[in-house]
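model_5.tsv (TSV, C-alpha atoms) appears below.
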```tsv
chain	number	residue	atom	x	y	z
S	215	MET	CA	139.06	76.86	96.02
S	216	SER	CA	140.64	79.98	94.54
S	217	ASP	CA	141.36	82.78	96.99
S	218	TYR	CA	140.56	85.64	94.62
S	219	GLN	CA	137.11	86.99	93.87
S	220	ARG	CA	135.47	87.34	90.49
S	221	LEU	CA	132.24	88.73	89.15
S	222	LEU	CA	129.69	86.20	87.91
S	223	LEU	CA	127.55	87.16	84.92
S	224	VAL	CA	124.58	84.82	84.46
S	225	VAL	CA	123.21	85.01	80.91
S	226	PRO	CA	120.03	83.47	79.46
S	227	PRO	CA	120.09	80.28	77.36
S	228	LEU	CA	119.12	82.16	74.22
S	229	MET	CA	122.13	83.67	72.44
S	230	ARG	CA	121.23	87.33	72.86
S	231	ARG	CA	123.54	90.11	73.99
S	232	SER	CA	121.91	92.28	76.64
S	233	ASP	CA	122.82	95.34	78.71
S	234	ALA	CA	124.07	93.02	81.46
S	235	PHE	CA	127.13	92.17	79.31
S	236	ASP	CA	128.17	95.82	79.08
S	237	ARG	CA	127.43	96.48	82.77
S	238	ALA	CA	129.41	93.41	83.87
S	239	ALA	CA	132.38	94.35	81.70
S	240	ALA	CA	132.33	97.95	82.95
S	241	LEU	CA	132.15	96.87	86.61
S	242	ALA	CA	134.91	94.28	86.16
S	243	LYS	CA	137.13	97.00	84.70
S	244	ALA	CA	136.27	99.50	87.44
S	245	LYS	CA	136.73	96.97	90.26
S	246	GLY	CA	139.84	95.35	88.77
S	247	MET	CA	138.24	91.91	88.98
S	248	PRO	CA	138.10	88.97	86.56
S	249	LEU	CA	134.72	88.17	85.03
S	250	HIS	CA	133.20	84.73	84.61
S	251	ILE	CA	130.28	84.43	82.15
S	252	VAL	CA	128.04	81.39	82.47
S	253	ALA	CA	124.99	80.27	80.55
S	254	PHE	CA	122.75	77.63	82.11
S	255	ASP	CA	121.19	75.94	79.11
S	256	TYR	CA	118.03	73.88	79.19
S	257	LEU	CA	115.75	74.10	76.18
S	258	GLU	CA	112.58	72.08	76.67
S	259	GLY	CA	112.41	71.16	72.99
S	260	LEU	CA	115.89	69.66	73.03
S	261	ALA	CA	115.40	68.10	76.44
S	262	THR	CA	112.29	66.15	75.49
S	263	ALA	CA	112.49	65.68	71.73
S	264	GLY	CA	110.52	62.46	71.30
S	265	MET	CA	111.48	61.81	67.64
S	266	MET	CA	115.13	61.04	68.49
S	267	ASN	CA	116.83	58.22	70.32
S	268	GLU	CA	118.98	59.08	73.33
S	269	GLU	CA	122.27	58.99	71.42
S	270	ALA	CA	121.06	61.34	68.67
S	271	LEU	CA	119.48	63.65	71.24
S	272	ALA	CA	122.73	63.82	73.20
S	273	LEU	CA	124.61	64.82	70.02
S	274	VAL	CA	122.11	67.58	69.26
S	275	ARG	CA	122.38	68.95	72.79
S	276	GLN	CA	126.15	68.86	72.67
S	277	ALA	CA	126.14	70.70	69.34
S	278	TYR	CA	123.93	73.40	70.85
S	279	ILE	CA	126.20	73.74	73.89
S	280	GLU	CA	129.28	74.05	71.64
S	281	LYS	CA	127.54	76.69	69.53
S	282	HIS	CA	126.59	78.63	72.66
S	283	ARG	CA	130.13	78.33	74.03
S	284	ASP	CA	131.54	79.72	70.77
S	285	TRP	CA	129.03	82.58	70.91
S	286	LEU	CA	130.06	83.45	74.47
S	287	GLU	CA	133.70	83.43	73.43
S	288	THR	CA	132.83	85.88	70.65
S	289	GLN	CA	131.25	88.19	73.26
S	290	ALA	CA	134.27	87.83	75.55
S	291	ALA	CA	136.87	88.61	72.87
S	292	PRO	CA	136.48	92.44	72.86
S	293	MET	CA	136.42	92.44	76.67
S	294	ARG	CA	139.79	90.68	76.73
S	295	LYS	CA	141.17	93.16	74.21
S	296	ASN	CA	140.13	95.86	76.70
S	297	GLY	CA	142.36	94.30	79.32
S	298	LEU	CA	139.84	92.15	81.21
S	299	THR	CA	140.36	88.58	82.35
S	300	VAL	CA	137.24	86.78	81.12
S	301	THR	CA	136.29	83.10	81.29
S	302	THR	CA	133.17	81.50	79.85
S	303	GLU	CA	131.14	78.40	80.64
S	304	VAL	CA	128.00	76.68	79.36
S	305	VAL	CA	126.16	74.19	81.59
S	306	TRP	CA	123.19	72.03	80.60
S	307	VAL	CA	120.99	71.93	83.69
S	308	GLU	CA	117.28	72.07	84.41
S	309	ASN	CA	117.39	73.54	87.92
S	310	VAL	CA	119.24	76.81	87.33
S	311	LEU	CA	118.87	78.11	90.88
S	312	ASP	CA	120.57	75.09	92.44
S	313	GLU	CA	123.40	75.29	89.92
S	314	ILE	CA	123.97	78.98	90.60
S	315	LEU	CA	124.11	78.30	94.33
S	316	ILE	CA	126.60	75.48	93.73
S	317	HIS	CA	128.81	77.84	91.70
S	318	LEU	CA	128.69	80.42	94.51
S	319	LYS	CA	129.55	77.79	97.11
S	320	GLU	CA	132.50	76.39	95.17
S	321	GLN	CA	134.08	79.68	94.08
S	322	PRO	CA	134.46	83.10	95.77
S	323	PHE	CA	132.35	85.39	93.60
S	324	ALA	CA	131.98	88.98	94.80
S	325	MET	CA	128.75	89.66	92.92
S	326	VAL	CA	126.16	87.99	90.70
S	327	ILE	CA	125.07	90.05	87.69
S	328	LYS	CA	122.07	89.15	85.57
S	329	ASP	CA	119.26	90.71	83.57
S	330	ILE	CA	115.90	91.19	85.22
S	331	GLU	CA	113.50	88.66	83.72
S	332	HIS	CA	110.32	90.57	82.91
S	333	GLU	CA	107.59	87.99	83.28
S	334	SER	CA	103.89	88.87	83.14
S	335	ARG	CA	102.05	89.65	86.38
S	336	LEU	CA	100.08	86.43	85.99
S	337	MET	CA	103.25	84.35	85.68
S	338	ARG	CA	104.76	86.09	88.70
S	339	ALA	CA	101.57	85.44	90.67
S	340	LEU	CA	101.47	81.76	89.76
S	341	PHE	CA	105.18	80.96	89.94
S	342	SER	CA	108.22	82.26	91.81
S	343	THR	CA	110.58	83.57	89.14
S	344	LEU	CA	114.30	82.80	89.18
S	345	ASP	CA	114.97	86.41	90.20
S	346	ILE	CA	112.71	86.19	93.26
S	347	ARG	CA	114.08	82.80	94.23
S	348	LEU	CA	117.62	84.19	94.00
S	349	LEU	CA	116.59	87.11	96.19
S	350	ARG	CA	115.37	84.70	98.84
S	351	GLU	CA	118.23	82.20	98.77
S	352	CYS	CA	121.40	83.87	97.50
S	353	ARG	CA	123.62	85.61	100.06
S	354	VAL	CA	126.08	87.06	97.53
S	355	PRO	CA	125.29	90.63	96.36
S	356	LEU	CA	122.86	90.46	93.42
S	357	HIS	CA	123.01	93.03	90.65
S	358	PHE	CA	119.83	92.93	88.56
S	359	VAL	CA	120.32	94.87	85.34
S	360	ASP	CA	117.49	96.58	83.51
S	361	LYS	CA	117.78	98.89	80.50
S	362	THR	CA	120.87	101.01	81.04
S	363	GLU	CA	121.87	104.36	79.59
S	364	HIS	CA	125.40	104.01	80.92
S	365	ALA	CA	127.43	100.82	81.10
S	366	LEU	CA	129.25	102.28	84.11
S	367	PRO	CA	126.83	103.74	86.68
S	368	ARG	CA	126.97	107.53	87.06
S	369	LYS	CA	124.30	107.99	89.74
S	370	VAL	CA	124.08	105.57	92.67
S	371	VAL	CA	121.24	105.61	95.22
S	372	ALA	CA	121.60	104.05	98.67
S	373	ALA	CA	118.07	103.15	99.82
S	374	VAL	CA	117.88	102.61	103.59
S	375	ASP	CA	115.17	101.71	106.07
S	376	LEU	CA	115.19	103.23	109.57
S	377	SER	CA	111.79	101.98	110.73
S	378	ARG	CA	111.49	99.63	113.72
S	379	PRO	CA	115.11	100.12	114.86
S	380	GLU	CA	114.75	97.55	117.63
S	381	ASP	CA	114.12	94.87	114.99
S	382	GLN	CA	116.86	95.94	112.56
S	383	TYR	CA	119.90	93.88	111.64
S	384	GLN	CA	122.63	95.78	113.43
S	385	GLY	CA	124.72	97.98	111.16
S	386	PHE	CA	122.87	96.94	108.02
S	387	ASN	CA	121.97	100.46	106.87
S	388	ASP	CA	125.60	101.51	107.26
S	389	ARG	CA	126.68	98.54	105.18
S	390	ILE	CA	124.25	99.52	102.40
S	391	VAL	CA	125.61	103.07	102.41
S	392	GLN	CA	129.21	101.85	102.42
S	393	GLU	CA	128.55	99.49	99.51
S	394	ALA	CA	127.01	102.38	97.57
S	395	LEU	CA	129.97	104.64	98.39
S	396	LYS	CA	132.48	101.97	97.37
S	397	LEU	CA	130.65	101.38	94.09
S	398	ALA	CA	130.44	105.11	93.42
S	399	MET	CA	134.16	105.56	94.12
S	400	GLN	CA	135.06	102.72	91.75
S	401	CYS	CA	132.79	104.12	89.04
S	402	GLN	CA	133.45	107.82	89.79
S	403	ALA	CA	129.72	108.25	90.28
S	404	GLN	CA	127.49	110.47	92.42
S	405	VAL	CA	125.78	109.09	95.53
S	406	GLU	CA	122.30	109.94	96.85
S	407	LEU	CA	120.95	108.69	100.18
S	408	LEU	CA	117.22	107.94	100.28
S	409	TYR	CA	114.88	106.94	103.10
S	410	ALA	CA	111.24	106.44	102.14
S	411	TYR	CA	108.97	106.26	105.16
S	412	ASP	CA	105.23	105.99	105.55
S	413	LEU	CA	102.54	106.32	108.20
S	414	THR	CA	102.24	102.54	108.42
S	415	SER	CA	105.77	102.24	109.76
S	416	MET	CA	105.05	105.01	112.26
S	417	GLN	CA	101.87	103.24	113.38
S	418	THR	CA	103.89	100.04	113.88
S	419	GLU	CA	106.45	101.89	115.98
S	420	ALA	CA	103.65	103.44	118.02
S	421	GLU	CA	102.32	99.96	118.72
S	422	HIS	CA	105.77	98.83	119.81
S	423	LEU	CA	105.76	101.74	122.25
S	424	GLY	CA	102.45	100.56	123.69
S	425	ARG	CA	100.32	103.24	122.01
S	426	ILE	CA	97.96	101.00	120.04
S	427	SER	CA	95.14	102.93	118.45
S	428	PHE	CA	93.49	103.38	115.10
S	429	MET	CA	94.87	106.90	114.80
S	430	PHE	CA	97.83	107.70	116.99
S	431	ASP	CA	98.01	111.32	118.14
S	432	SER	CA	99.95	114.01	116.29
S	433	ASN	CA	102.40	114.55	119.16
S	434	LEU	CA	103.52	110.93	118.99
S	435	ALA	CA	103.70	111.08	115.19
S	436	ASN	CA	105.87	114.20	115.40
S	437	SER	CA	108.11	112.55	117.99
S	438	LEU	CA	108.57	109.46	115.83
S	439	HIS	CA	109.26	111.58	112.76
S	440	LYS	CA	111.83	113.60	114.69
S	441	ALA	CA	113.54	110.43	115.94
S	442	GLN	CA	113.75	108.98	112.44
S	443	SER	CA	115.01	112.29	111.03
S	444	GLU	CA	117.76	112.39	113.64
S	445	ALA	CA	118.70	108.78	112.91
S	446	PHE	CA	118.80	109.56	109.18
S	447	ARG	CA	121.07	112.58	109.72
S	448	ALA	CA	123.33	110.53	111.99
S	449	LEU	CA	123.57	107.79	109.36
S	450	ALA	CA	124.51	110.35	106.71
S	451	ASP	CA	127.02	112.15	108.96
S	452	ARG	CA	128.97	109.08	110.04
S	453	ASN	CA	129.26	107.96	106.40
S	454	GLY	CA	130.24	111.39	105.11
S	455	ILE	CA	127.20	111.96	102.87
S	456	ASP	CA	126.63	115.57	101.83
S	457	PRO	CA	123.33	116.86	103.34
S	458	GLN	CA	122.26	118.03	99.88
S	459	ALA	CA	122.44	114.41	98.70
S	460	CYS	CA	120.16	113.17	101.50
S	461	HIS	CA	116.45	112.66	100.88
S	462	MET	CA	113.87	111.61	103.47
S	463	ILE	CA	110.56	111.33	101.64
S	464	MET	CA	107.18	110.33	103.00
S	465	GLY	CA	105.14	107.79	101.07
S	466	ASP	CA	104.88	104.15	100.14
S	467	PRO	CA	108.52	102.98	99.84
S	468	SER	CA	108.05	101.18	96.52
S	469	LYS	CA	106.38	104.20	94.91
S	470	VAL	CA	108.90	106.64	96.40
S	471	LEU	CA	111.82	104.57	95.13
S	472	THR	CA	110.53	104.23	91.57
S	473	THR	CA	109.54	107.90	91.32
S	474	PHE	CA	112.83	109.13	92.81
S	475	CYS	CA	114.95	107.03	90.45
S	476	LYS	CA	112.92	108.14	87.44
S	477	THR	CA	113.10	111.86	88.25
S	478	HIS	CA	116.78	111.77	89.27
S	479	GLY	CA	117.98	109.60	86.39
S	480	SER	CA	119.51	107.06	88.76
S	481	ASP	CA	121.54	104.23	87.24
S	482	ILE	CA	121.49	101.83	90.17
S	483	VAL	CA	119.84	101.50	93.59
S	484	VAL	CA	121.69	99.74	96.41
S	485	MET	CA	119.21	98.29	98.88
S	486	GLY	CA	118.76	95.52	101.41
S	487	ARG	CA	117.07	92.23	100.63
S	488	VAL	CA	115.34	92.41	104.01
S	489	HIS	CA	115.91	94.82	106.90
S	490	HIS	CA	113.90	93.29	109.71
S	491	ARG	CA	114.10	90.01	111.55
S	492	GLY	CA	111.15	87.94	112.67
S	493	LEU	CA	107.84	87.43	110.88
S	494	ALA	CA	108.21	90.51	108.66
S	495	LYS	CA	110.92	88.91	106.55
S	496	TYR	CA	108.58	86.10	105.46
S	497	ILE	CA	105.85	88.31	103.99
S	498	GLY	CA	107.85	89.92	101.21
S	499	SER	CA	110.31	92.77	101.19
S	500	THR	CA	110.41	96.15	99.49
S	501	VAL	CA	112.96	94.90	96.97
S	502	GLU	CA	110.60	92.12	95.86
S	503	ARG	CA	107.80	94.64	95.36
S	504	VAL	CA	109.90	97.09	93.34
S	505	LEU	CA	112.22	94.83	91.35
S	506	TYR	CA	110.00	94.74	88.25
S	507	LYS	CA	108.92	98.38	88.56
S	508	MET	CA	112.26	100.13	88.90
S	509	PRO	CA	113.43	102.33	86.00
S	510	SER	CA	117.01	101.51	86.98
S	511	SER	CA	119.15	98.55	87.94
S	512	VAL	CA	119.19	97.21	91.50
S	513	LEU	CA	122.06	95.95	93.65
S	514	VAL	CA	120.70	93.85	96.52
S	515	ILE	CA	122.70	93.32	99.70
S	516	THR	CA	121.89	90.60	102.24
S	517	PRO	CA	122.36	91.06	106.00
S	518	GLU	CA	125.23	89.19	107.60
S	519	PRO	CA	123.99	86.04	109.34
S	520	THR	CA	123.42	86.49	113.05
S	521	VAL	CA	123.36	84.02	115.91
S	522	ASP	CA	120.08	84.12	117.83
```

Could you rewrite the structure in this file as structure tokens?
Amino acid sequence: MSDYQRLLLVVPPLMRRSDAFDRAAALAKAKGMPLHIVAFDYLEGLATAGMMNEEALALVRQAYIEKHRDWLETQAAPMRKNGLTVTTEVVWVENVLDEILIHLKEQPFAMVIKDIEHESRLMRALFSTLDIRLLRECRVPLHFVDKTEHALPRKVVAAVDLSRPEDQYQGFNDRIVQEALKLAMQCQAQVELLYAYDLTSMQTEAEHLGRISFMFDSNLANSLHKAQSEAFRALADRNGIDPQACHMIMGDPSKVLTTFCKTHGSDIVVMGRVHHRGLAKYIGSTVERVLYKMPSSVLVITPEPTVD
């Protein structure tokens, strides 16, 4: 196994250049890392063409793979002229998720970059998309690219969660902030720190404190708000975030995130795949709810594994 890290750009089987190419190239340049571009091909029509014998079908598939490989090399050529080390690969495989995980296990990639796949709500309700399955199973940072104004991010948002501190992965919020700061430094971008909180999280904390009621009293609500505000300021202070770049906003986290990024022209949000241990992590996370709604790209960080 090589001891140096690369960026992995996963591109769709159709030969179409997307914003993810430009983002991957810009990040590889900013980070000083090589870039590996891989296409996982599997076209149902070519996989199951019933009018051909196996030998003829294999030749057609190979011709398609060679054509795709040549196309990827054409996309890589200007990146190499710009000083980047770029390799390309085309793999014919039906189960893309398993193949991505094999790639990540065999080679030390620092980040996976891919376009968000905008499926219909019905399709997302009926089937788990590749993006969601990656979110649940991939431990390498995942950079989902949507429409981008700037190849290199100019405004980075670190989205943290300070609710239920007793159930948090230790140090995870700091890691999210540090990843955002590192990315911003590499890209010479601005950083904003955002914590979206809602009454539901306060109610949950009240229950943890033994104050279970339909409406907890205002004194307790004020106390919980004060505690979270102090924790937010402490998080910002120890990571050197300017107070003017700190935003603690009340509301549903998914709505706050999408509105904030739209009004602030954010290029990328750095957030955790899941913040809390226990049952909560099995019922969906904020990042799953906002992935297809965000007006910006998303960089998802996974907590370090812990020993129970």

- Item | Which of S:Leu449, S:Leu505, S:Ala398, S:Ala242 sits closest to Gly385 (chain S) [using all atoms listed in the file] | S:Leu449

- When distances are computed from only C-alpha atoms, which of S:Lys440, S:His317, S:His461, S:Lys361 shows the smallest separation from Met508 (chain S)?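 Residue with the minimum atom-to-atom distance to Met508 (chain S): S:Lys361.
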
- Item | Interatomic distance (Å, one decimal) between CA of Glu331 (chain S) and CA of Asp345 (chain S) |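 Separation of CA of Glu331 (chain S) and CA of Asp345 (chain S): 7.0 Å.
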
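For the choices S:Ile330, S:Lys295, S:Pro457, S:Gln400, the atom-to-atom distance to Thr343 (chain S) is smallest for S:Ile330 when using all atoms listed in the file.
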
- Task: Using all atoms listed in the file, collect all residues at a distance of at most 9 Å from (114.0, 109.9, 102.2) as written in the file, then present them as a list in words.
- Result: Ala373, Val374, Leu407, Leu408, Tyr409, Ala410, Tyr411, Phe446, Cys460, His461, Met462, Ile463, Met464 and Val470 of chain S

What does the file look like for those residues with C-alpha atoms, as a PDB file, keeping the file's coordinate frame?
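File written: result-v5.pdb
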```
ATOM      1  CA  ALA S 373     118.070 103.150  99.820  1.00  0.00           C
ATOM      2  CA  VAL S 374     117.880 102.610 103.590  1.00  0.00           C
ATOM      3  CA  LEU S 407     120.950 108.690 100.180  1.00  0.00           C
ATOM      4  CA  LEU S 408     117.220 107.940 100.280  1.00  0.00           C
ATOM      5  CA  TYR S 409     114.880 106.940 103.100  1.00  0.00           C
ATOM      6  CA  ALA S 410     111.240 106.440 102.140  1.00  0.00           C
ATOM      7  CA  TYR S 411     108.970 106.260 105.160  1.00  0.00           C
ATOM      8  CA  PHE S 446     118.800 109.560 109.180  1.00  0.00           C
ATOM      9  CA  CYS S 460     120.160 113.170 101.500  1.00  0.00           C
ATOM     10  CA  HIS S 461     116.450 112.660 100.880  1.00  0.00           C
ATOM     11  CA  MET S 462     113.870 111.610 103.470  1.00  0.00           C
ATOM     12  CA  ILE S 463     110.560 111.330 101.640  1.00  0.00           C
ATOM     13  CA  MET S 464     107.180 110.330 103.000  1.00  0.00           C
ATOM     14  CA  VAL S 470     108.900 106.640  96.400  1.00  0.00           C
TER      15      VAL S 470
END
```

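Rounded to one decimal, CA of Val326 (chain S) and CA of Phe358 (chain S) lie 8.3 Å from each other.
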
- Residues around (132.0, 95.8, 82.3), cut-off 12 Å, counting all atoms listed in the file - what are they as a PyMOL selection string? chain S and resi 221-223+233-251+289-290+292-294+296-300+327+364-367+401

Residues of the last selection are to be written out with C-alpha atoms, as a short mmCIF file (atom, residue, chain, number, x, y, z; two decimals), in the frame of the given file.
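Below is the file that was written, result_15.cif:
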```cif
data_model
loop_
_atom_site.label_atom_id
_atom_site.label_comp_id
_atom_site.auth_asym_id
_atom_site.auth_seq_id
_atom_site.Cartn_x
_atom_site.Cartn_y
_atom_site.Cartn_z
CA LEU S 221 132.24 88.73 89.15
CA LEU S 222 129.69 86.20 87.91
CA LEU S 223 127.55 87.16 84.92
CA ASP S 233 122.82 95.34 78.71
CA ALA S 234 124.07 93.02 81.46
CA PHE S 235 127.13 92.17 79.31
CA ASP S 236 128.17 95.82 79.08
CA ARG S 237 127.43 96.48 82.77
CA ALA S 238 129.41 93.41 83.87
CA ALA S 239 132.38 94.35 81.70
CA ALA S 240 132.33 97.95 82.95
CA LEU S 241 132.15 96.87 86.61
CA ALA S 242 134.91 94.28 86.16
CA LYS S 243 137.13 97.00 84.70
CA ALA S 244 136.27 99.50 87.44
CA LYS S 245 136.73 96.97 90.26
CA GLY S 246 139.84 95.35 88.77
CA MET S 247 138.24 91.91 88.98
CA PRO S 248 138.10 88.97 86.56
CA LEU S 249 134.72 88.17 85.03
CA HIS S 250 133.20 84.73 84.61
CA ILE S 251 130.28 84.43 82.15
CA GLN S 289 131.25 88.19 73.26
CA ALA S 290 134.27 87.83 75.55
CA PRO S 292 136.48 92.44 72.86
CA MET S 293 136.42 92.44 76.67
CA ARG S 294 139.79 90.68 76.73
CA ASN S 296 140.13 95.86 76.70
CA GLY S 297 142.36 94.30 79.32
CA LEU S 298 139.84 92.15 81.21
CA THR S 299 140.36 88.58 82.35
CA VAL S 300 137.24 86.78 81.12
CA ILE S 327 125.07 90.05 87.69
CA HIS S 364 125.40 104.01 80.92
CA ALA S 365 127.43 100.82 81.10
CA LEU S 366 129.25 102.28 84.11
CA PRO S 367 126.83 103.74 86.68
CA CYS S 401 132.79 104.12 89.04
#
```

Please write out, as JSON, where the centre of an axis-aligned box around all listed atoms of region 364-382 of chain S lies and how long its edges are, in Å to one decimal, after adding 3 Å on each side.
```
{"center_x": 120.4, "center_y": 101.4, "center_z": 99.3, "size_x": 23.8, "size_y": 19.1, "size_z": 42.7}
```

- Within 12 Å of Leu318 (chain S), counting all atoms listed in the file, which residues show up once you throw out same-chain ones fewer than 2 positions away? Write them as a ChimeraX atom specification, please. /S:215-216,219-224,250,311-316,320-326,348,351-356

Keeping only C-alpha atoms, take the residues you just selected and write them out as a PDB file, in the coordinates of the input.
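The resulting again.pdb:
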```pdb
ATOM      1  CA  MET S 215     139.060  76.860  96.020  1.00  0.00           C
ATOM      2  CA  SER S 216     140.640  79.980  94.540  1.00  0.00           C
ATOM      3  CA  GLN S 219     137.110  86.990  93.870  1.00  0.00           C
ATOM      4  CA  ARG S 220     135.470  87.340  90.490  1.00  0.00           C
ATOM      5  CA  LEU S 221     132.240  88.730  89.150  1.00  0.00           C
ATOM      6  CA  LEU S 222     129.690  86.200  87.910  1.00  0.00           C
ATOM      7  CA  LEU S 223     127.550  87.160  84.920  1.00  0.00           C
ATOM      8  CA  VAL S 224     124.580  84.820  84.460  1.00  0.00           C
ATOM      9  CA  HIS S 250     133.200  84.730  84.610  1.00  0.00           C
ATOM     10  CA  LEU S 311     118.870  78.110  90.880  1.00  0.00           C
ATOM     11  CA  ASP S 312     120.570  75.090  92.440  1.00  0.00           C
ATOM     12  CA  GLU S 313     123.400  75.290  89.920  1.00  0.00           C
ATOM     13  CA  ILE S 314     123.970  78.980  90.600  1.00  0.00           C
ATOM     14  CA  LEU S 315     124.110  78.300  94.330  1.00  0.00           C
ATOM     15  CA  ILE S 316     126.600  75.480  93.730  1.00  0.00           C
ATOM     16  CA  GLU S 320     132.500  76.390  95.170  1.00  0.00           C
ATOM     17  CA  GLN S 321     134.080  79.680  94.080  1.00  0.00           C
ATOM     18  CA  PRO S 322     134.460  83.100  95.770  1.00  0.00           C
ATOM     19  CA  PHE S 323     132.350  85.390  93.600  1.00  0.00           C
ATOM     20  CA  ALA S 324     131.980  88.980  94.800  1.00  0.00           C
ATOM     21  CA  MET S 325     128.750  89.660  92.920  1.00  0.00           C
ATOM     22  CA  VAL S 326     126.160  87.990  90.700  1.00  0.00           C
ATOM     23  CA  LEU S 348     117.620  84.190  94.000  1.00  0.00           C
ATOM     24  CA  GLU S 351     118.230  82.200  98.770  1.00  0.00           C
ATOM     25  CA  CYS S 352     121.400  83.870  97.500  1.00  0.00           C
ATOM     26  CA  ARG S 353     123.620  85.610 100.060  1.00  0.00           C
ATOM     27  CA  VAL S 354     126.080  87.060  97.530  1.00  0.00           C
ATOM     28  CA  PRO S 355     125.290  90.630  96.360  1.00  0.00           C
ATOM     29  CA  LEU S 356     122.860  90.460  93.420  1.00  0.00           C
TER      30      LEU S 356
END
```

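The shortest atom-to-atom distance to Arg350 (chain S), with all atoms listed in the file taken into account, belongs to S:Glu502 out of S:Glu502, S:Asp481, S:Asp388, S:Asp451.
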
- Message: as a ChimeraX atom specification, please: the residues near Val501 (chain S) (cut-off 9 Å, all atoms listed in the file, same-chain neighbours under 2 positions excluded).
- Response: /S:349,468,485-488,498-499,503-505,512,514

- Val405 (chain S) environment, 9 Å, all atoms listed in the file, sequence neighbours closer than 6 positions dropped, as a ChimeraX atom specification: /S:368-372,394-395,398,455,459

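Of the listed residues S:Val310, S:Ile390, S:Leu397, S:Leu438, the one whose atoms come nearest to Asn453 (chain S) is S:Ile390, with distances taken using all atoms listed in the file.
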
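Computed from the coordinates, the CA of Ile279 (chain S) to CA of Pro226 (chain S) distance equals 12.8 Å.
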
- Which of these, S:Gln382, S:Thr477, S:Asn309, S:Gln404, has the shortest distance to Asp456 (chain S) once you count only C-alpha atoms? S:Gln404
